[in-house]
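Q: File follows, query29.pdb with PDB, C-alpha atoms:
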```pdb
ATOM      1  CA  MET A   1      10.108 -18.235 -41.974
ATOM      2  CA  SER A   2       7.977 -19.764 -39.274
ATOM      3  CA  ARG A   3      11.159 -20.672 -37.421
ATOM      4  CA  SER A   4      12.273 -17.031 -37.285
ATOM      5  CA  HIS A   5       8.771 -16.064 -36.120
ATOM      6  CA  SER A   6       8.894 -18.457 -33.201
ATOM      7  CA  SER A   7      12.376 -17.346 -32.166
ATOM      8  CA  SER A   8      11.394 -13.653 -32.195
ATOM      9  CA  SER A   9       8.314 -14.324 -30.052
ATOM     10  CA  ALA A  10      10.473 -16.373 -27.664
ATOM     11  CA  ALA A  11      12.767 -13.350 -27.286
ATOM     12  CA  ALA A  12       9.783 -11.137 -26.459
ATOM     13  CA  LEU A  13       8.548 -13.578 -23.812
ATOM     14  CA  PRO A  14      11.360 -14.571 -21.437
ATOM     15  CA  LEU A  15       9.222 -17.225 -19.712
ATOM     16  CA  PRO A  16       7.724 -20.288 -21.408
ATOM     17  CA  ALA A  17       4.035 -19.883 -22.229
ATOM     18  CA  ALA A  18       2.395 -21.585 -19.264
ATOM     19  CA  LEU A  19      -0.269 -21.022 -16.693
ATOM     20  CA  GLN A  20       1.258 -20.516 -13.241
ATOM     21  CA  GLY A  21      -0.517 -22.853 -10.827
ATOM     22  CA  ASP A  22      -2.966 -25.717 -11.041
ATOM     23  CA  ILE A  23      -5.420 -25.686 -13.954
ATOM     24  CA  ALA A  24      -8.295 -26.850 -11.679
ATOM     25  CA  VAL A  25      -7.701 -23.817  -9.449
ATOM     26  CA  TRP A  26      -7.846 -21.552 -12.496
ATOM     27  CA  ILE A  27     -11.161 -23.042 -13.634
ATOM     28  CA  PHE A  28     -12.472 -22.398 -10.109
ATOM     29  CA  LEU A  29     -11.130 -18.811 -10.276
ATOM     30  CA  LEU A  30     -12.923 -18.158 -13.571
ATOM     31  CA  ALA A  31     -16.184 -19.392 -12.001
ATOM     32  CA  GLU A  32     -15.606 -17.047  -9.070
ATOM     33  CA  LEU A  33     -14.927 -14.132 -11.420
ATOM     34  CA  LEU A  34     -18.152 -14.890 -13.301
ATOM     35  CA  ALA A  35     -20.143 -14.831 -10.043
ATOM     36  CA  PHE A  36     -18.596 -11.510  -9.005
ATOM     37  CA  GLY A  37     -19.096 -10.121 -12.514
ATOM     38  CA  VAL A  38     -22.823 -10.889 -12.451
ATOM     39  CA  PHE A  39     -23.052  -9.268  -9.013
ATOM     40  CA  PHE A  40     -21.204  -6.134 -10.190
ATOM     41  CA  LEU A  41     -23.361  -5.684 -13.271
ATOM     42  CA  ALA A  42     -26.547  -6.286 -11.257
ATOM     43  CA  TYR A  43     -25.427  -3.539  -8.839
ATOM     44  CA  ALA A  44     -24.550  -1.150 -11.692
ATOM     45  CA  PHE A  45     -27.887  -1.613 -13.463
ATOM     46  CA  ALA A  46     -29.888  -1.428 -10.207
ATOM     47  CA  ARG A  47     -28.068   1.846  -9.481
ATOM     48  CA  ALA A  48     -28.865   3.157 -12.971
ATOM     49  CA  ARG A  49     -32.569   2.766 -12.213
ATOM     50  CA  ASN A  50     -32.318   4.851  -9.050
ATOM     51  CA  PRO A  51     -29.051   6.822  -8.955
ATOM     52  CA  ALA A  52     -30.315   9.324  -6.343
ATOM     53  CA  LEU A  53     -31.022   6.581  -3.767
ATOM     54  CA  PHE A  54     -27.646   4.927  -4.335
ATOM     55  CA  ASP A  55     -25.741   8.238  -4.196
ATOM     56  CA  ALA A  56     -27.435   9.264  -0.935
ATOM     57  CA  ALA A  57     -26.695   5.893   0.685
ATOM     58  CA  GLN A  58     -23.148   5.801  -0.694
ATOM     59  CA  ALA A  59     -22.409   9.147   0.980
ATOM     60  CA  GLY A  60     -22.676   7.273   4.303
ATOM     61  CA  LEU A  61     -19.782   4.953   3.399
ATOM     62  CA  ASP A  62     -16.286   5.565   4.731
ATOM     63  CA  ARG A  63     -14.208   6.130   1.583
ATOM     64  CA  GLN A  64     -11.002   6.343   3.571
ATOM     65  CA  SER A  65     -11.589   2.815   4.889
ATOM     66  CA  GLY A  66     -12.081   1.751   1.279
ATOM     67  CA  LEU A  67      -8.806   3.439   0.325
ATOM     68  CA  ILE A  68      -6.900   1.798   3.213
ATOM     69  CA  ASN A  69      -8.334  -1.600   2.309
ATOM     70  CA  THR A  70      -7.368  -1.161  -1.349
ATOM     71  CA  LEU A  71      -3.798  -0.335  -0.323
ATOM     72  CA  LEU A  72      -3.754  -3.327   2.047
ATOM     73  CA  LEU A  73      -4.951  -5.737  -0.644
ATOM     74  CA  VAL A  74      -2.584  -4.537  -3.392
ATOM     75  CA  SER A  75       0.313  -4.652  -0.894
ATOM     76  CA  SER A  76      -0.678  -8.136   0.229
ATOM     77  CA  SER A  77      -0.917  -9.290  -3.382
ATOM     78  CA  ALA A  78       2.507  -7.783  -4.185
ATOM     79  CA  LEU A  79       4.067  -9.560  -1.178
ATOM     80  CA  VAL A  80       2.620 -12.894  -2.321
ATOM     81  CA  ALA A  81       3.951 -12.285  -5.864
ATOM     82  CA  HIS A  82       7.334 -11.484  -4.299
ATOM     83  CA  ALA A  83       7.240 -14.711  -2.249
ATOM     84  CA  VAL A  84       6.610 -16.750  -5.421
ATOM     85  CA  ALA A  85       9.474 -14.968  -7.208
ATOM     86  CA  VAL A  86      11.858 -15.587  -4.280
ATOM     87  CA  VAL A  87      11.074 -19.318  -4.114
ATOM     88  CA  ARG A  88      11.493 -19.640  -7.886
ATOM     89  CA  ARG A  89      14.831 -17.913  -7.712
ATOM     90  CA  GLY A  90      16.058 -20.447  -5.131
ATOM     91  CA  GLY A  91      19.015 -20.016  -2.819
ATOM     92  CA  SER A  92      19.832 -20.963   0.742
ATOM     93  CA  ASP A  93      17.554 -18.442   2.490
ATOM     94  CA  ALA A  94      14.748 -18.457  -0.108
ATOM     95  CA  ALA A  95      12.271 -20.255   2.181
ATOM     96  CA  ARG A  96      12.933 -17.850   5.063
ATOM     97  CA  ARG A  97      12.555 -14.739   2.873
ATOM     98  CA  ALA A  98       9.439 -16.056   1.147
ATOM     99  CA  ALA A  99       7.894 -16.950   4.525
ATOM    100  CA  GLY A 100       8.606 -13.385   5.702
ATOM    101  CA  ALA A 101       6.845 -11.937   2.648
ATOM    102  CA  LEU A 102       3.872 -14.260   3.248
ATOM    103  CA  LEU A 103       3.681 -13.140   6.891
ATOM    104  CA  GLY A 104       3.514  -9.546   5.633
ATOM    105  CA  ALA A 105       0.713 -10.572   3.254
ATOM    106  CA  ILE A 106      -1.136 -12.231   6.158
ATOM    107  CA  ALA A 107      -0.775  -9.065   8.256
ATOM    108  CA  CYS A 108      -2.289  -7.004   5.386
ATOM    109  CA  ALA A 109      -5.178  -9.487   5.073
ATOM    110  CA  LEU A 110      -5.820  -9.250   8.827
ATOM    111  CA  GLY A 111      -5.719  -5.458   8.509
ATOM    112  CA  PHE A 112      -8.369  -5.640   5.779
ATOM    113  CA  ILE A 113     -10.590  -7.798   7.986
ATOM    114  CA  VAL A 114     -10.247  -5.391  10.929
ATOM    115  CA  VAL A 115     -11.010  -2.291   8.797
ATOM    116  CA  LYS A 116     -13.952  -3.884   6.970
ATOM    117  CA  GLY A 117     -15.207  -5.428  10.211
ATOM    118  CA  SER A 118     -15.238  -2.040  11.940
ATOM    119  CA  GLU A 119     -17.109  -0.603   8.939
ATOM    120  CA  TYR A 120     -19.751  -3.331   9.301
ATOM    121  CA  ALA A 121     -19.953  -2.689  13.060
ATOM    122  CA  ALA A 122     -20.621   1.007  12.368
ATOM    123  CA  HIS A 123     -23.269   0.169   9.751
ATOM    124  CA  PHE A 124     -25.078  -2.268  12.027
ATOM    125  CA  ALA A 125     -24.902   0.184  14.954
ATOM    126  CA  ALA A 126     -26.552   2.757  12.662
ATOM    127  CA  GLY A 127     -29.340   0.243  11.988
ATOM    128  CA  MET A 128     -28.381  -0.919   8.485
ATOM    129  CA  GLU A 129     -30.017  -4.200   7.496
ATOM    130  CA  LEU A 130     -30.277  -6.201   4.300
ATOM    131  CA  SER A 131     -33.850  -4.999   3.952
ATOM    132  CA  SER A 132     -33.126  -1.305   4.701
ATOM    133  CA  SER A 133     -32.883  -0.348   1.005
ATOM    134  CA  THR A 134     -31.905  -1.701  -2.398
ATOM    135  CA  PHE A 135     -28.481  -0.170  -1.795
ATOM    136  CA  SER A 136     -27.970  -1.837   1.602
ATOM    137  CA  MET A 137     -29.061  -5.188   0.160
ATOM    138  CA  PHE A 138     -26.510  -4.918  -2.667
ATOM    139  CA  TYR A 139     -23.826  -3.374  -0.468
ATOM    140  CA  LEU A 140     -24.010  -6.032   2.257
ATOM    141  CA  CYS A 141     -24.282  -8.964  -0.183
ATOM    142  CA  LEU A 142     -21.537  -7.743  -2.506
ATOM    143  CA  THR A 143     -18.989  -6.679   0.111
ATOM    144  CA  GLY A 144     -19.994  -9.618   2.346
ATOM    145  CA  PHE A 145     -19.345 -12.076  -0.504
ATOM    146  CA  HIS A 146     -15.927 -10.479  -1.016
ATOM    147  CA  PHE A 147     -15.241 -10.411   2.754
ATOM    148  CA  PHE A 148     -15.918 -14.142   2.883
ATOM    149  CA  HIS A 149     -13.308 -14.617   0.124
ATOM    150  CA  VAL A 150     -10.775 -12.567   2.090
ATOM    151  CA  VAL A 151     -11.320 -14.768   5.170
ATOM    152  CA  LEU A 152     -10.927 -17.880   3.003
ATOM    153  CA  GLY A 153      -7.841 -16.294   1.416
ATOM    154  CA  LEU A 154      -6.380 -15.695   4.862
ATOM    155  CA  ALA A 155      -6.646 -19.428   5.544
ATOM    156  CA  VAL A 156      -4.988 -20.128   2.161
ATOM    157  CA  LEU A 157      -2.145 -17.709   3.010
ATOM    158  CA  ALA A 158      -1.678 -19.378   6.403
ATOM    159  CA  VAL A 159      -1.311 -22.779   4.702
ATOM    160  CA  LEU A 160       1.130 -21.327   2.133
ATOM    161  CA  TRP A 161       3.184 -19.813   4.953
ATOM    162  CA  ARG A 162       3.309 -23.073   6.908
ATOM    163  CA  GLN A 163       4.300 -25.065   3.811
ATOM    164  CA  THR A 164       6.940 -22.489   2.901
ATOM    165  CA  VAL A 165       8.460 -22.623   6.393
ATOM    166  CA  ALA A 166       8.472 -26.435   6.138
ATOM    167  CA  GLY A 167      10.432 -26.141   2.872
ATOM    168  CA  VAL A 168       7.744 -27.814   0.783
ATOM    169  CA  TYR A 169       8.118 -25.311  -2.096
ATOM    170  CA  ARG A 170      11.418 -25.338  -3.924
ATOM    171  CA  LEU A 171      12.880 -24.261  -7.212
ATOM    172  CA  GLY A 172      10.974 -26.321  -9.791
ATOM    173  CA  ASP A 173       8.261 -27.308  -7.309
ATOM    174  CA  VAL A 174       6.147 -24.199  -6.702
ATOM    175  CA  ASN A 175       2.817 -25.299  -8.142
ATOM    176  CA  GLY A 176       1.007 -25.264  -4.784
ATOM    177  CA  LEU A 177       2.349 -21.825  -3.905
ATOM    178  CA  GLU A 178       1.420 -20.463  -7.347
ATOM    179  CA  SER A 179      -2.123 -21.858  -7.092
ATOM    180  CA  GLY A 180      -2.730 -20.283  -3.664
ATOM    181  CA  ALA A 181      -1.164 -17.045  -4.903
ATOM    182  CA  ALA A 182      -3.485 -16.973  -7.936
ATOM    183  CA  TYR A 183      -6.504 -17.257  -5.623
ATOM    184  CA  TRP A 184      -5.276 -14.346  -3.490
ATOM    185  CA  HIS A 185      -4.608 -12.177  -6.569
ATOM    186  CA  MET A 186      -8.173 -12.909  -7.716
ATOM    187  CA  VAL A 187      -9.496 -11.559  -4.388
ATOM    188  CA  ASP A 188      -7.388  -8.419  -4.986
ATOM    189  CA  LEU A 189      -8.506  -8.088  -8.634
ATOM    190  CA  VAL A 190     -12.172  -8.260  -7.667
ATOM    191  CA  TRP A 191     -11.723  -5.574  -4.990
ATOM    192  CA  LEU A 192     -10.088  -3.234  -7.550
ATOM    193  CA  VAL A 193     -13.434  -3.186  -9.408
ATOM    194  CA  LEU A 194     -15.597  -3.257  -6.262
ATOM    195  CA  PHE A 195     -13.936  -0.229  -4.642
ATOM    196  CA  PRO A 196     -14.705   2.365  -7.361
ATOM    197  CA  LEU A 197     -18.086   0.750  -8.106
ATOM    198  CA  VAL A 198     -19.451   0.803  -4.548
ATOM    199  CA  TYR A 199     -17.452   3.536  -2.798
ATOM    200  CA  LEU A 200     -16.658   6.116  -5.481
ATOM    201  CA  MET A 201     -19.057   6.031  -8.433
ATOM    202  CA  HIS A 202     -21.628   8.780  -7.953
TER     203      HIS A 202
ATOM    204  CA  MET B   1      16.173 -16.305 -17.213
ATOM    205  CA  GLN B   2      13.099 -15.387 -15.230
ATOM    206  CA  THR B   3      14.756 -13.796 -12.185
ATOM    207  CA  ARG B   4      15.199 -10.352 -13.706
ATOM    208  CA  ASP B   5      11.538  -9.631 -14.263
ATOM    209  CA  SER B   6      10.131 -11.801 -11.505
ATOM    210  CA  ILE B   7      12.109 -10.117  -8.723
ATOM    211  CA  HIS B   8      11.697  -6.503  -9.840
ATOM    212  CA  SER B   9       8.219  -6.664 -11.217
ATOM    213  CA  PRO B  10       6.186  -7.043  -7.948
ATOM    214  CA  LEU B  11       7.751  -3.863  -6.529
ATOM    215  CA  THR B  12       7.254  -1.699  -9.619
ATOM    216  CA  VAL B  13       3.747  -3.073 -10.185
ATOM    217  CA  TRP B  14       2.944  -2.411  -6.501
ATOM    218  CA  LEU B  15       4.205   1.196  -6.729
ATOM    219  CA  THR B  16       2.119   1.774  -9.870
ATOM    220  CA  LEU B  17      -0.952   0.300  -8.146
ATOM    221  CA  VAL B  18      -0.448   2.517  -5.075
ATOM    222  CA  VAL B  19      -0.151   5.687  -7.196
ATOM    223  CA  ALA B  20      -3.172   4.708  -9.321
ATOM    224  CA  THR B  21      -5.170   3.960  -6.149
ATOM    225  CA  GLY B  22      -4.315   7.420  -4.782
ATOM    226  CA  ILE B  23      -5.480   9.064  -8.023
ATOM    227  CA  THR B  24      -8.650   6.929  -7.965
ATOM    228  CA  PHE B  25      -9.429   7.989  -4.390
ATOM    229  CA  PHE B  26      -8.917  11.723  -4.957
ATOM    230  CA  ALA B  27     -10.915  11.633  -8.195
ATOM    231  CA  GLY B  28     -13.735   9.950  -6.243
ATOM    232  CA  GLU B  29     -13.630  12.710  -3.609
ATOM    233  CA  PHE B  30     -14.768  15.339  -6.121
ATOM    234  CA  GLU B  31     -18.471  16.008  -6.103
ATOM    235  CA  GLY B  32     -18.563  16.721  -9.811
ATOM    236  CA  SER B  33     -21.808  17.207 -11.628
ATOM    237  CA  GLY B  34     -22.706  17.402 -15.306
ATOM    238  CA  PRO B  35     -20.362  16.217 -18.062
ATOM    239  CA  ALA B  36     -17.202  16.929 -15.995
ATOM    240  CA  GLY B  37     -18.399  14.702 -13.153
ATOM    241  CA  ARG B  38     -19.379  11.987 -15.607
ATOM    242  CA  TRP B  39     -15.968  11.999 -17.271
ATOM    243  CA  LEU B  40     -14.301  11.818 -13.872
ATOM    244  CA  VAL B  41     -16.228   8.622 -13.079
ATOM    245  CA  VAL B  42     -15.360   7.199 -16.512
ATOM    246  CA  GLY B  43     -11.708   8.047 -15.740
ATOM    247  CA  VAL B  44     -11.938   6.246 -12.382
ATOM    248  CA  LEU B  45     -13.360   3.180 -14.145
ATOM    249  CA  ALA B  46     -10.581   3.347 -16.771
ATOM    250  CA  LEU B  47      -8.069   3.340 -13.897
ATOM    251  CA  ALA B  48      -9.803   0.257 -12.451
ATOM    252  CA  LEU B  49      -9.320  -1.409 -15.851
ATOM    253  CA  PHE B  50      -5.639  -0.437 -15.812
ATOM    254  CA  LYS B  51      -5.077  -1.622 -12.222
ATOM    255  CA  GLY B  52      -6.971  -4.867 -12.797
ATOM    256  CA  SER B  53      -4.914  -5.551 -15.933
ATOM    257  CA  LEU B  54      -1.687  -5.040 -13.973
ATOM    258  CA  VAL B  55      -2.794  -7.556 -11.337
ATOM    259  CA  ALA B  56      -3.910 -10.070 -13.990
ATOM    260  CA  LEU B  57      -0.843  -9.759 -16.226
ATOM    261  CA  HIS B  58       1.894  -9.358 -13.612
ATOM    262  CA  PHE B  59       0.759 -10.759 -10.245
ATOM    263  CA  MET B  60      -1.317 -13.586 -11.744
ATOM    264  CA  GLU B  61       1.410 -13.859 -14.412
ATOM    265  CA  LEU B  62      -1.072 -14.179 -17.229
ATOM    266  CA  ARG B  63       1.332 -12.303 -19.519
ATOM    267  CA  HIS B  64       3.174 -15.603 -19.879
ATOM    268  CA  ALA B  65       0.068 -17.786 -19.982
ATOM    269  CA  PRO B  66      -1.627 -19.206 -23.084
ATOM    270  CA  ALA B  67      -3.767 -16.518 -24.747
ATOM    271  CA  VAL B  68      -7.045 -18.274 -23.916
ATOM    272  CA  TRP B  69      -6.380 -17.910 -20.169
ATOM    273  CA  ARG B  70      -5.027 -14.393 -20.474
ATOM    274  CA  TRP B  71      -8.046 -13.236 -22.436
ATOM    275  CA  SER B  72     -10.530 -15.094 -20.232
ATOM    276  CA  VAL B  73      -9.501 -12.904 -17.292
ATOM    277  CA  LEU B  74      -8.838  -9.698 -19.260
ATOM    278  CA  GLY B  75     -12.075 -10.246 -21.205
ATOM    279  CA  TRP B  76     -13.964 -10.608 -17.898
ATOM    280  CA  LEU B  77     -12.417  -7.342 -16.720
ATOM    281  CA  TRP B  78     -13.301  -5.444 -19.924
ATOM    282  CA  VAL B  79     -16.885  -6.755 -20.043
ATOM    283  CA  VAL B  80     -17.503  -5.939 -16.369
ATOM    284  CA  VAL B  81     -15.924  -2.465 -16.402
ATOM    285  CA  LEU B  82     -17.489  -1.471 -19.740
ATOM    286  CA  GLY B  83     -20.844  -2.789 -18.487
ATOM    287  CA  ILE B  84     -20.524  -0.721 -15.305
ATOM    288  CA  ALA B  85     -19.559   2.377 -17.357
ATOM    289  CA  GLY B  86     -22.511   1.812 -19.696
ATOM    290  CA  ALA B  87     -24.938   1.436 -16.791
ATOM    291  CA  TYR B  88     -23.494   4.539 -15.107
ATOM    292  CA  LEU B  89     -23.874   6.690 -18.238
ATOM    293  CA  LYS B  90     -27.402   5.321 -18.766
ATOM    294  CA  GLY B  91     -28.304   6.310 -15.196
ATOM    295  CA  ALA B  92     -26.696   9.732 -15.564
ATOM    296  CA  ALA B  93     -28.451  10.520 -18.856
TER     297      ALA B  93
END
```
Can the structure from this file be put into structure tokens for me?

A:
Amino acid sequence: MSRSHSSSSAAALPLPAALQGDIAVWIFLLAELLAFGVFFLAYAFARARNPALFDAAQAGLDRQSGLINTLLLVSSSALVAHAVAVVRRGGSDAARRAAGALLGAIACALGFIVVKGSEYAAHFAAGMELSSSTFSMFYLCLTGFHFFHVVLGLAVLAVLWRQTVAGVYRLGDVNGLESGAAYWHMVDLVWLVLFPLVYLMH
Amino acid sequence: MQTRDSIHSPLTVWLTLVVATGITFFAGEFEGSGPAGRWLVVGVLALALFKGSLVALHFMELRHAPAVWRWSVLGWLWVVVLGIAGAYLKGAA
């Protein structure tokens, strides 16, 4: 009975039940998610106390920049997932194709930094400071914390690219690539909550 | 064994995320007020839950991971998004 149970669940899950990447990285990722989660809920409840102030300030944000950055991050994340899949699949040109996908992911990350950086430049030119309002304090801290993670993620992607070009990751030896990829997906996941929360919810 | 879903999945997941992001953006463009506006925001947050789950399950590959890891991330997502929705509805009341 139990034997037939295990075989039917194995058929439903084509891959063995395992965490992709290093367990220490995943513990770090959960801590990061907790920090972002506390930040998000603090923003949401601060907004609930003064929705009019937050809505007025939010109207000054560039939603199209937010949209472009969302598309850049999900595309970057997809390219990294593709790179992992290509290396796992193996083959003679796997390293070259995976490195190409990672370069695409790096280009998207750079695009995010340029778009968000120009948004910050516009805010600062308009006189926005941490102390301008409760909204600006939350907005700059929250998006700044995420921006810092994107910059760190860019460095991670650069290392993954270099290691991939050097042929370090191979079929059966992709743990380092998977760990770096998991970090980058976390940066994407967090933005998918941040974008509607800060840019759209009014 | 794993090539079939690992090669095709990033592309289909990406396309779904792009479409859902487009819907999210246009829903956010509406200056709705009253119950209709509130439901639109709840819909946008539900889409965030959907998109986040796709990233967690497919890109982070938690669909194959032990349940404790899968539900640590999905649980985080549910608590955060439901908390945001609760705070939003409290502020709108």

Q: Can you tell me which residues surround A:Cys108 at a distance of at most 12 Å, considering all atoms listed in the file, apart from same-chain residues fewer than 4 positions away, and format the answer as a list in words?

A: Ile68, Asn69, Thr70, Leu71, Leu72, Leu73, Val74, Ser75, Ser76, Ser77, Ala78, Leu79, Val80, Ala101, Leu102, Leu103, Gly104, Phe112, Ile113, Val114, Val115, Val150, Val151, Gly153, Leu154, Leu157, Trp184 and Asp188 of chain A

Q: Any idea what's packed within 12 Å of A:Gly60, counting all atoms listed in the file, ignoring anything in its chain fewer than 6 positions away? Could you give it as a list in words?

A: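 The residues that qualify are Leu53, Phe54, Glu119, Ala122, His123, Ala126, Met128, Phe135, Ser136, Tyr139, Val198, Tyr199 and Leu200 of chain A.
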
Q: I need the residues from that last selection saved to file as a compact mmCIF listing (two decimals), keeping the file's coordinate frame (with C-alpha atoms), if you can.

A:
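Once everything was written out, this is part.txt:
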```txt
# COMPACT_ATOMS: atom_id res chain seq x y z
CA LEU A 53 -31.02 6.58 -3.77
CA PHE A 54 -27.65 4.93 -4.34
CA GLU A 119 -17.11 -0.60 8.94
CA ALA A 122 -20.62 1.01 12.37
CA HIS A 123 -23.27 0.17 9.75
CA ALA A 126 -26.55 2.76 12.66
CA MET A 128 -28.38 -0.92 8.48
CA PHE A 135 -28.48 -0.17 -1.80
CA SER A 136 -27.97 -1.84 1.60
CA TYR A 139 -23.83 -3.37 -0.47
CA VAL A 198 -19.45 0.80 -4.55
CA TYR A 199 -17.45 3.54 -2.80
CA LEU A 200 -16.66 6.12 -5.48
```

Q: Measuring between only C-alpha atoms, which one of B:Ala65, B:Ala27, B:Val13, B:Leu74 shows the shortest distance to B:Leu45?

A: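 So, comparing all the options, the nearest one is B:Ala27.
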
Q: Could you check how far atom CA of B:Ser53 sits from atom CA of A:Ala107, in Å to one decimal?

A: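 Separation between atom CA of B:Ser53 and atom CA of A:Ala107: 24.8 Å.
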
Q: Just how far from atom CA of A:Val87 is atom CA of B:Pro66, in Å to one decimal?

A: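 Separating atom CA of B:Pro66 from atom CA of A:Val87 is a distance of 22.8 Å.
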
Q: Taking 2 positions as the minimum chain separation for residues in the same chain, which residues sit within 7 Å of stretch 89-93 of chain B when counting all atoms listed in the file? Answer as a ChimeraX atom specification.

A: /A:48-49,51 /B:85-87

Q: Just so I have it separately, write stretch 63-80 of chain B from the block I sent, keeping C-alpha atoms, as a tab-separated table (two decimals), in the first residue's frame.

A:
```tsv
chain	number	residue	atom	x	y	z
B	63	ARG	CA	8.04	22.61	-6.37
B	64	HIS	CA	10.62	19.83	-6.09
B	65	ALA	CA	11.94	20.86	-2.68
B	66	PRO	CA	10.99	19.35	0.69
B	67	ALA	CA	7.63	20.75	1.85
B	68	VAL	CA	9.16	22.66	4.76
B	69	TRP	CA	11.23	24.81	2.37
B	70	ARG	CA	8.42	25.20	-0.13
B	71	TRP	CA	5.99	26.34	2.53
B	72	SER	CA	8.53	28.59	4.26
B	73	VAL	CA	8.70	30.74	1.12
B	74	LEU	CA	5.06	30.37	0.05
B	75	GLY	CA	3.96	30.96	3.66
B	76	TRP	CA	6.05	34.16	3.74
B	77	LEU	CA	4.36	35.28	0.53
B	78	TRP	CA	0.83	34.55	1.80
B	79	VAL	CA	1.40	36.23	5.18
B	80	VAL	CA	2.93	39.34	3.59
```
